[in-house]
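What's in entry.txt: compact mmCIF, C-alpha atoms
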```
# COMPACT_ATOMS: atom_id res chain seq x y z
CA MET A 13 -50.60 -9.83 -14.59
CA ASP A 14 -51.66 -6.23 -15.19
CA GLY A 15 -50.92 -5.42 -11.57
CA PHE A 16 -47.40 -6.82 -11.88
CA ALA A 17 -46.76 -4.79 -15.06
CA THR A 18 -48.01 -1.66 -13.30
CA ARG A 19 -45.68 -2.27 -10.37
CA VAL A 20 -42.74 -2.78 -12.70
CA ARG A 21 -43.48 0.45 -14.55
CA THR A 22 -43.75 2.41 -11.32
CA PHE A 23 -40.72 0.78 -9.68
CA ASP A 24 -37.87 3.21 -9.01
CA ALA A 25 -34.68 2.02 -7.34
CA PHE A 26 -33.77 5.63 -6.62
CA PRO A 27 -36.97 7.41 -5.47
CA LYS A 28 -37.12 11.05 -6.48
CA VAL A 29 -38.09 13.92 -4.21
CA ASP A 30 -41.14 15.90 -5.33
CA SER A 31 -40.34 19.42 -6.49
CA GLU A 32 -42.51 21.01 -3.78
CA HIS A 33 -40.29 19.42 -1.12
CA THR A 34 -37.04 20.84 -2.55
CA VAL A 35 -35.31 24.16 -2.01
CA ARG A 36 -33.40 25.82 -4.84
CA SER A 37 -30.58 28.27 -4.21
CA LEU A 38 -27.54 29.80 -5.89
CA ARG A 39 -25.22 27.73 -3.69
CA GLY A 40 -27.01 24.56 -4.69
CA ALA A 41 -26.79 25.46 -8.38
CA LEU A 42 -23.04 26.11 -8.11
CA SER A 43 -22.47 22.85 -6.25
CA THR A 44 -24.43 20.96 -8.91
CA ILE A 45 -22.39 22.55 -11.71
CA ALA A 46 -19.13 21.75 -9.89
CA THR A 47 -20.24 18.14 -9.32
CA TYR A 48 -21.12 17.66 -12.99
CA PHE A 49 -17.82 19.24 -14.04
CA PHE A 50 -15.79 16.84 -11.88
CA ALA A 51 -17.93 13.96 -13.15
CA LEU A 52 -17.11 14.89 -16.76
CA VAL A 53 -13.40 15.15 -15.92
CA ILE A 54 -13.44 11.71 -14.28
CA LEU A 55 -15.37 10.31 -17.26
CA TRP A 56 -12.78 11.75 -19.67
CA VAL A 57 -9.85 10.34 -17.65
CA GLU A 58 -11.40 6.90 -17.25
CA VAL A 59 -12.38 6.56 -20.90
CA GLY A 60 -8.89 7.67 -21.92
CA GLY A 61 -7.35 5.17 -19.53
CA PHE A 62 -9.59 2.40 -20.86
CA LEU A 63 -8.69 3.13 -24.48
CA GLY A 64 -4.97 3.59 -23.72
CA GLY A 65 -4.66 0.62 -21.39
CA TYR A 66 -2.21 0.28 -18.51
CA VAL A 67 1.26 -1.20 -18.05
CA ASP A 68 1.47 -4.27 -15.82
CA HIS A 69 4.81 -5.20 -14.18
CA GLN A 70 5.12 -8.77 -12.90
CA PHE A 71 7.98 -10.91 -11.59
CA VAL A 72 7.42 -14.59 -12.39
CA VAL A 73 9.49 -17.74 -12.20
CA ASP A 74 11.32 -18.23 -15.47
CA ASP A 75 10.06 -21.63 -16.66
CA GLN A 76 11.83 -21.45 -20.01
CA ILE A 77 14.83 -23.73 -20.41
CA ARG A 78 17.75 -21.70 -21.75
CA THR A 79 20.99 -23.38 -22.76
CA ASN A 80 22.94 -20.51 -24.25
CA LEU A 81 22.97 -16.77 -24.61
CA SER A 82 25.04 -14.12 -26.36
CA ILE A 83 27.06 -11.25 -24.91
CA ASN A 84 27.27 -8.11 -27.04
CA ILE A 85 30.43 -6.07 -26.54
CA ASP A 86 31.67 -2.80 -27.97
CA MET A 87 34.53 -1.21 -26.03
CA THR A 88 37.97 0.35 -26.39
CA VAL A 89 40.99 -0.54 -24.24
CA THR A 90 44.15 1.58 -23.94
CA MET A 91 46.48 -1.19 -25.10
CA PRO A 92 47.62 -2.35 -28.54
CA CYS A 93 45.52 -5.18 -29.97
CA GLU A 94 48.54 -7.46 -30.29
CA LEU A 95 49.02 -7.37 -26.49
CA ILE A 96 45.42 -8.17 -25.51
CA HIS A 97 44.11 -11.60 -24.61
CA THR A 98 40.33 -12.32 -24.36
CA ASN A 99 38.80 -15.44 -22.92
CA VAL A 100 35.49 -16.84 -21.59
CA VAL A 101 35.24 -19.38 -18.78
CA ASP A 102 32.13 -20.57 -16.92
CA ILE A 103 31.22 -22.67 -13.90
CA THR A 104 31.20 -25.85 -16.02
CA ASP A 105 34.90 -25.26 -16.85
CA ASP A 106 33.93 -24.67 -20.47
CA ARG A 107 36.51 -22.32 -22.00
CA PHE A 108 37.02 -20.81 -25.40
CA LEU A 109 39.04 -18.00 -26.85
CA ALA A 110 36.73 -15.08 -27.43
CA ALA A 111 39.28 -13.65 -29.84
CA GLU A 112 38.11 -16.19 -32.41
CA LEU A 113 34.73 -14.43 -32.60
CA LEU A 114 35.45 -10.84 -31.64
CA ASN A 115 36.72 -8.08 -33.90
CA PHE A 116 39.82 -6.05 -33.07
CA GLU A 117 40.60 -2.66 -34.54
CA GLY A 118 43.63 -0.53 -33.79
CA VAL A 119 42.53 3.01 -32.86
CA HIS A 120 43.50 6.01 -30.77
CA PHE A 121 41.93 6.12 -27.31
CA PHE A 122 39.21 8.76 -27.11
CA ALA A 123 36.93 9.24 -24.08
CA PRO A 124 35.28 12.69 -24.00
CA PRO A 125 33.62 13.22 -20.58
CA GLN A 126 30.56 14.81 -22.16
CA PHE A 127 29.70 11.45 -23.77
CA PHE A 128 31.03 8.93 -21.24
CA ARG A 129 30.56 8.51 -17.49
CA ILE A 130 34.21 8.34 -16.48
CA ASN A 131 35.18 6.61 -13.19
CA SER A 132 31.58 6.55 -11.96
CA GLN A 133 29.98 3.68 -10.03
CA ASN A 134 27.16 3.20 -12.59
CA LYS A 135 24.46 3.30 -9.92
CA GLU A 136 22.07 5.70 -11.65
CA TYR A 137 20.18 3.29 -13.87
CA GLU A 138 16.45 2.80 -14.37
CA THR A 139 14.56 0.04 -16.11
CA PRO A 140 13.57 1.24 -19.62
CA ASP A 141 9.83 1.84 -19.83
CA LEU A 142 7.54 0.20 -22.37
CA ASP A 143 7.21 3.24 -24.65
CA HIS A 144 10.99 3.65 -24.91
CA VAL A 145 11.56 -0.02 -25.70
CA MET A 146 8.82 -0.12 -28.32
CA ARG A 147 10.27 2.96 -30.02
CA GLU A 148 13.83 1.63 -29.99
CA ASN A 149 13.29 -2.09 -30.59
CA ILE A 150 15.47 -2.14 -33.69
CA ARG A 151 17.40 -5.37 -33.82
CA ALA A 152 20.95 -5.33 -35.11
CA GLU A 153 24.10 -7.37 -35.04
CA PHE A 154 27.81 -6.89 -35.39
CA TYR A 155 27.82 -8.02 -38.99
CA ILE A 156 31.52 -8.88 -39.18
CA SER A 157 32.33 -12.01 -37.21
CA GLY A 158 35.62 -13.73 -36.59
CA GLN A 159 37.72 -11.14 -38.40
CA LYS A 160 40.30 -8.68 -37.20
CA ILE A 161 39.31 -5.70 -39.25
CA ASN A 162 41.53 -2.72 -39.91
CA GLN A 163 44.02 -3.90 -37.32
CA VAL A 164 46.84 -1.37 -37.31
CA ALA A 165 50.09 -2.66 -35.85
CA GLY A 166 51.38 -0.33 -33.17
CA ALA A 167 48.12 1.56 -32.65
CA PRO A 168 47.99 2.76 -29.01
CA ALA A 169 44.48 1.42 -28.27
CA CYS A 170 42.24 -1.44 -29.35
CA HIS A 171 38.58 -1.31 -30.32
CA ILE A 172 36.98 -4.65 -29.37
CA PHE A 173 33.48 -5.45 -30.58
CA GLY A 174 31.32 -8.41 -31.49
CA THR A 175 29.01 -11.07 -30.08
CA ILE A 176 30.09 -14.02 -27.94
CA PRO A 177 27.82 -17.06 -27.43
CA VAL A 178 28.06 -18.36 -23.84
CA ASN A 179 26.40 -21.07 -21.79
CA HIS A 180 23.42 -19.99 -19.68
CA VAL A 181 25.34 -20.53 -16.45
CA GLN A 182 27.53 -18.42 -14.18
CA GLY A 183 30.66 -17.37 -16.02
CA GLU A 184 33.24 -14.71 -16.74
CA PHE A 185 34.54 -12.84 -19.75
CA HIS A 186 37.88 -11.21 -19.19
CA ILE A 187 40.43 -9.09 -20.99
CA THR A 188 44.03 -9.50 -19.86
CA ALA A 189 47.50 -8.99 -21.24
CA LYS A 190 49.18 -11.76 -23.19
CA GLY A 191 51.49 -13.94 -21.12
CA VAL A 192 49.87 -12.80 -17.85
CA GLY A 193 47.60 -15.42 -16.30
CA TYR A 194 47.83 -17.61 -19.43
CA GLN A 195 50.73 -19.21 -21.22
CA ASP A 196 51.57 -17.39 -24.41
CA SER A 197 54.54 -17.00 -26.70
CA LEU A 198 54.46 -13.26 -25.97
CA HIS A 199 54.84 -11.85 -22.47
CA THR A 200 53.62 -8.28 -22.06
CA PRO A 201 55.97 -6.07 -19.99
CA TRP A 202 54.42 -4.48 -16.89
CA GLU A 203 55.12 -0.98 -18.10
CA ARG A 204 53.11 -1.52 -21.32
CA MET A 205 49.94 -2.50 -19.48
CA ASN A 206 47.13 -0.02 -19.11
CA PHE A 207 43.54 -1.19 -18.74
CA SER A 208 41.84 2.16 -19.03
CA HIS A 209 38.74 1.57 -21.12
CA VAL A 210 35.41 2.92 -22.31
CA ILE A 211 32.34 0.78 -22.95
CA GLN A 212 29.93 1.74 -25.70
CA GLU A 213 27.81 -1.42 -25.42
CA PHE A 214 27.59 -4.33 -23.02
CA SER A 215 24.38 -6.35 -23.13
CA PHE A 216 23.01 -9.88 -23.01
CA GLY A 217 20.79 -11.66 -25.53
CA THR A 218 19.43 -10.15 -28.73
CA PHE A 219 21.28 -6.96 -29.59
CA TYR A 220 19.11 -3.83 -29.46
CA PRO A 221 21.54 -0.95 -30.03
CA MET A 222 19.09 1.80 -29.00
CA ILE A 223 18.18 0.31 -25.58
CA ASP A 224 20.38 1.59 -22.75
CA ASN A 225 22.17 -0.77 -20.34
CA PRO A 226 23.96 -0.02 -17.04
CA LEU A 227 27.48 -0.18 -18.54
CA ASP A 228 26.71 1.61 -21.79
CA MET A 229 28.70 4.81 -22.33
CA SER A 230 30.79 4.34 -19.20
CA GLY A 231 34.55 4.22 -18.74
CA LYS A 232 37.46 3.95 -16.36
CA ILE A 233 40.75 5.85 -16.59
CA THR A 234 43.85 4.84 -14.63
CA HIS A 235 47.59 5.53 -14.62
CA GLU A 236 48.39 2.24 -12.87
CA SER A 237 49.80 -0.55 -15.01
CA LEU A 238 48.62 -3.35 -12.70
CA GLN A 239 45.01 -2.20 -12.40
CA SER A 240 42.16 -4.70 -12.08
CA TYR A 241 38.52 -3.85 -12.89
CA LYS A 242 35.83 -6.35 -11.93
CA TYR A 243 32.17 -5.99 -12.96
CA TYR A 244 29.58 -8.28 -11.32
CA SER A 245 26.26 -8.52 -13.14
CA ASN A 246 23.00 -10.29 -12.29
CA VAL A 247 20.99 -10.92 -15.45
CA VAL A 248 17.18 -10.99 -15.45
CA PRO A 249 15.22 -12.02 -18.59
CA THR A 250 12.75 -9.25 -19.45
CA LEU A 251 9.73 -9.45 -21.73
CA TYR A 252 8.05 -6.35 -23.16
CA GLU A 253 4.70 -6.76 -24.95
CA ARG A 254 2.25 -4.36 -26.57
CA LEU A 255 -0.47 -5.09 -29.12
CA GLY A 256 1.07 -8.45 -29.97
CA ILE A 257 4.57 -6.98 -30.45
CA VAL A 258 7.02 -8.83 -28.17
CA VAL A 259 10.54 -7.69 -27.28
CA ASP A 260 12.38 -10.46 -25.42
CA THR A 261 15.57 -9.06 -23.94
CA ASN A 262 17.66 -9.14 -20.78
CA GLN A 263 18.44 -6.57 -18.12
CA TYR A 264 21.15 -6.69 -15.51
CA SER A 265 22.26 -4.97 -12.35
CA ILE A 266 25.90 -4.14 -11.87
CA SER A 267 28.36 -3.86 -9.01
CA GLU A 268 32.04 -3.05 -9.32
CA GLN A 269 35.37 -3.69 -7.63
CA HIS A 270 38.55 -1.84 -8.57
CA LEU A 271 41.98 -2.55 -7.14
CA VAL A 272 45.66 -2.24 -7.94
CA ILE A 273 47.56 -5.54 -7.97
CA ARG A 274 50.63 -5.40 -5.75
CA LYS A 275 53.88 -7.30 -6.28
CA ASP A 276 55.56 -9.43 -3.66
CA SER A 277 59.20 -9.14 -2.68
CA ASN A 278 60.21 -11.29 -5.65
CA GLY A 279 58.34 -9.11 -8.15
CA ARG A 280 55.53 -11.61 -8.70
CA ILE A 281 51.80 -10.95 -8.63
CA TYR A 282 49.15 -13.25 -7.14
CA SER A 283 46.34 -12.33 -9.56
CA PRO A 284 46.47 -10.92 -13.08
CA PRO A 285 45.46 -7.33 -13.84
CA GLY A 286 42.76 -6.77 -16.44
CA ILE A 287 39.05 -6.22 -17.03
CA PHE A 288 36.75 -8.96 -15.74
CA PHE A 289 33.01 -9.23 -16.46
CA LYS A 290 31.46 -11.80 -14.15
CA TYR A 291 27.82 -12.72 -14.77
CA GLU A 292 25.14 -14.97 -13.35
CA PHE A 293 21.51 -15.51 -14.32
CA GLU A 294 18.52 -15.10 -12.01
CA PRO A 295 15.72 -17.73 -12.03
CA ILE A 296 13.03 -15.07 -12.30
CA LYS A 297 11.62 -13.15 -15.25
CA LEU A 298 10.26 -9.61 -15.47
CA THR A 299 7.23 -9.11 -17.73
CA ILE A 300 6.15 -5.59 -18.71
CA VAL A 301 2.89 -5.89 -20.64
CA GLU A 302 0.34 -3.33 -21.77
CA LYS A 303 -3.16 -4.50 -20.80
CA ARG A 304 -6.71 -3.15 -21.01
CA LEU A 305 -9.58 -3.58 -18.55
CA PRO A 306 -12.48 -5.78 -19.72
CA PHE A 307 -15.45 -3.68 -20.82
CA ILE A 308 -17.78 -4.96 -18.09
CA GLN A 309 -15.18 -4.23 -15.43
CA PHE A 310 -14.66 -0.76 -16.92
CA VAL A 311 -18.40 0.01 -16.78
CA ALA A 312 -18.65 -1.24 -13.18
CA ARG A 313 -15.60 0.81 -12.19
CA LEU A 314 -16.96 3.93 -13.89
CA GLY A 315 -20.39 3.56 -12.28
CA THR A 316 -18.84 3.06 -8.85
CA ILE A 317 -16.64 6.15 -9.16
CA LEU A 318 -19.41 8.42 -10.46
CA GLY A 319 -21.92 7.17 -7.90
CA GLY A 320 -19.43 7.73 -5.10
CA LEU A 321 -18.77 11.24 -6.42
CA LEU A 322 -22.48 12.14 -6.31
CA ILE A 323 -22.87 10.80 -2.77
CA LEU A 324 -19.77 12.61 -1.59
CA ALA A 325 -20.92 15.86 -3.21
CA GLY A 326 -24.26 15.57 -1.39
CA TYR A 327 -22.58 15.06 1.99
CA VAL A 328 -20.18 17.95 1.42
CA PHE A 329 -23.01 20.31 0.43
CA ARG A 330 -25.11 19.41 3.48
CA MET A 331 -22.13 19.89 5.80
CA TYR A 332 -21.45 23.25 4.18
CA GLU A 333 -25.07 24.33 4.70
CA ARG A 334 -25.01 23.30 8.35
CA LEU A 335 -21.76 25.17 8.90
CA LEU A 336 -23.27 28.33 7.42
CA ARG A 337 -26.33 27.92 9.62
CA LEU A 338 -24.18 27.57 12.74
CA LEU A 339 -22.04 30.59 11.88
CA PHE A 340 -24.61 33.02 10.44
CA GLY A 341 -27.99 31.69 11.47
CA ARG A 342 -31.05 30.31 9.72
CA LYS A 343 -32.10 33.59 8.08
CA TYR A 344 -28.78 33.90 6.26
CA THR A 345 -28.94 30.39 4.82
CA GLU A 346 -32.56 30.80 3.69
CA ARG A 347 -31.83 34.07 1.94
CA ASP A 348 -31.91 33.94 -1.88
CA THR A 349 -33.62 30.55 -1.83
CA GLU A 350 -36.70 29.48 -3.75
CA LYS A 351 -39.26 26.88 -2.73
CA LYS A 352 -42.26 25.88 -4.79
CA ASP A 353 -45.68 26.12 -3.22
CA GLY A 354 -47.66 22.94 -2.83
CA GLY A 355 -47.85 19.87 -0.72
CA LEU A 356 -49.87 19.01 2.37
CA LEU A 357 -48.10 21.48 4.69
CA ALA A 358 -48.60 24.39 2.30
CA ALA A 359 -52.34 23.54 1.95
CA GLU A 360 -52.81 23.42 5.72
CA LYS A 361 -51.00 26.77 6.09
CA LYS A 362 -53.27 28.32 3.42
CA ASP A 363 -56.48 27.01 5.06
CA SER A 364 -55.48 28.42 8.40
```
Spit out the file's structure as structure tokens when you get a sec.
Amino acid sequence: MDGFATRVRTFDAFPKVDSEHTVRSLRGALSTIATYFFALVILWVEVGGFLGGYVDHQFVVDDQIRTNLSINIDMTVTMPCELIHTNVVDITDDRFLAAELLNFEGVHFFAPPQFFRINSQNKEYETPDLDHVMRENIRAEFYISGQKINQVAGAPACHIFGTIPVNHVQGEFHITAKGVGYQDSLHTPWERMNFSHVIQEFSFGTFYPMIDNPLDMSGKITHESLQSYKYYSNVVPTLYERLGIVVDTNQYSISEQHLVIRKDSNGRIYSPPGIFFKYEFEPIKLTIVEKRLPFIQFVARLGTILGGLLILAGYVFRMYERLLRLLFGRKYTERDTEKKDGGLLAAEKKDS
């Protein structure tokens, strides 16, 4: 038993070299200092990464059954409110007049280019990162519902805003002129149509006013009366999570088609002009979650990195010494070195 305890006490997984078999030099000291410096930097970075965590992006199949969703709209169209018709229709042939829920306000059209992307293709859009979403996750709603507030008869433009509940299926929300495409007691003359517009907000799901979307702050200006604007969006549910705080929202990609409706020889048109938002929902879900490595995994990772650094530093130093020896000779490399006396070879040399 005593022999086993002695062997355990003397066991060393990493045998050390006796001091009399080592050579000390200025180059070796500098390499040791540099190695320890890089090791401290790596230690600082890894500990900071462990405490701060990391952001994990995953696409998963959306297994949640969703029956309905809301569309948040805030836009201005260059037509009087009394000439505008809004409607929602989906693939199930479910229709309802969006005007019953939206708010209409007579205003003057205003689209300063320094605030709006005018006549752009809306291609420069990036997914909001976790920090931005967590800073701006202030929920809000258009608090006036089903009322036409401050509607001014004869105002040249119409501010349309509100929230529309829709079925969670492929559908379309469109803005057209009254009497065009739908039967109405009022028929809008061609010359009074102008579907120039600016969009302050267009989003799906819970309304987060500070989170940017592809169509936010964009606009289209035209001088054609029979202009058609079509926006095609693919909606992806997106979940942000950090420290138990969950922001469940939706993102979408956008593509556009713009065309001028032509009349036939009889002065009729085959499709109505207007603004059409066509949407469909993807069966996948994007999760953006802040995670942290388990402590055991962190320790193993840190030990592996630091051990690899020490081994690499040893190889680099030996290669550097051999290169100096090849270029300048043995005497140059042994200059300014110090070796302790002792050991079997030193004793034999002294006896001789």
Taking all atoms of segment 125-131 of chain A that the file lists, what box with edges along x, y and z, padded by 4 Å per side, do you get, with centre and edge lengths in Å to one decimal, as JSON?
```
{"center_x": 32.4, "center_y": 10.7, "center_z": -18.5, "size_x": 13.5, "size_y": 16.2, "size_z": 18.6}
```
Write out as a ChimeraX atom specification the residues lying within 10 Å of Lys303 of chain A, counting all atoms listed in the file and excluding same-chain residues fewer than 4 positions away.
/A:62,64-68,253-255
Separation of atom CA of Leu324 of chain A and atom CA of Ser43 of chain A, in Å?
11.6 Å
Distance criterion (all atoms listed in the file): nearest to His69 of chain A out of A:Ser277, A:Thr234, A:Asn262, A:Thr139
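Under the stated criterion, the closest residue is A:Thr139.
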Nearest-residue call for Ala111 of chain A, choices A:Pro249, A:Gly174, A:Gly319, A:Gly286, using all atoms listed in the file
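Ranking A:Pro249, A:Gly174, A:Gly319, A:Gly286 by distance to Ala111 of chain A, first place goes to A:Gly174.
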Measure the distance from atom CA of Ile296 of chain A to atom CA of Gly183 of chain A in Å and round it to one decimal.
18.2 Å
Expected answer as a list of chain:residue names: all residues with atoms within 12 Å of (-25.9, 18.6, -8.7), only C-alpha atoms
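Using only C-alpha atoms, the matching residues come out as A:Arg36, A:Ser37, A:Leu38, A:Arg39, A:Gly40, A:Ala41, A:Leu42, A:Ser43, A:Thr44, A:Ile45, A:Ala46, A:Thr47, A:Tyr48, A:Phe49, A:Phe50, A:Ala51, A:Leu321, A:Leu322, A:Ile323, A:Leu324, A:Ala325, A:Gly326, A:Tyr327, A:Val328, A:Phe329.
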Separating atom CA of Ala110 of chain A from atom CA of Val247 of chain A, to the nearest tenth of an Å, is a gap of 20.2 Å
Using all atoms listed in the file, find the one residue out of A:Val119, A:Leu227, A:Val145, A:Leu238 that sits nearest to Ala167 of chain A.
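Once distances to Ala167 of chain A are computed over all atoms listed in the file, the minimum belongs to A:Val119.
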Would you kindly identify which residues have an atom no farther than 12 Å from (47.2, 5.8, -12.3), using only C-alpha atoms and the file's own coordinates, and write them out as an MDAnalysis selection string?
chainID A and resid 203 205:208 232:240 271:272
Counting only C-alpha atoms, what is within 12 Å of Arg280 of chain A, bar same-chain residues fewer than 5 positions away, as a ChimeraX atom specification?
/A:192-193,202,238,273-275
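Compared by their closest atoms to Thr188 of chain A, and using all atoms listed in the file, the residues A:Arg342, A:Arg129, A:His97, A:Arg107 rank with A:His97 nearest.
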Among listed residues A:Leu81, A:Val57, A:Ile257, A:Met91, nearest His209 of chain A (using all atoms listed in the file)
A:Met91
For Cys93 of chain A: contacts at 7 Å, all atoms listed in the file, fewer than 5 positions along chain excluded, given as a PDB file with C-alpha atoms, in the frame of the given file:
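Saved result, result01.pdb, follows:
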```pdb
ATOM      1  CA  PHE A 116      39.820  -6.050 -33.070  1.00  0.00           C
ATOM      2  CA  GLY A 118      43.630  -0.530 -33.790  1.00  0.00           C
ATOM      3  CA  ALA A 169      44.480   1.420 -28.270  1.00  0.00           C
ATOM      4  CA  CYS A 170      42.240  -1.440 -29.350  1.00  0.00           C
TER       5      CYS A 170
END
```
Set the distance at 10 Å and use only C-alpha atoms: which residues neighbour Phe185 of chain A once local chain neighbours fewer than 6 positions away are removed? I'd like the list as a ChimeraX atom specification.
/A:83,98-102,107,109-110,176,178,243,287-291
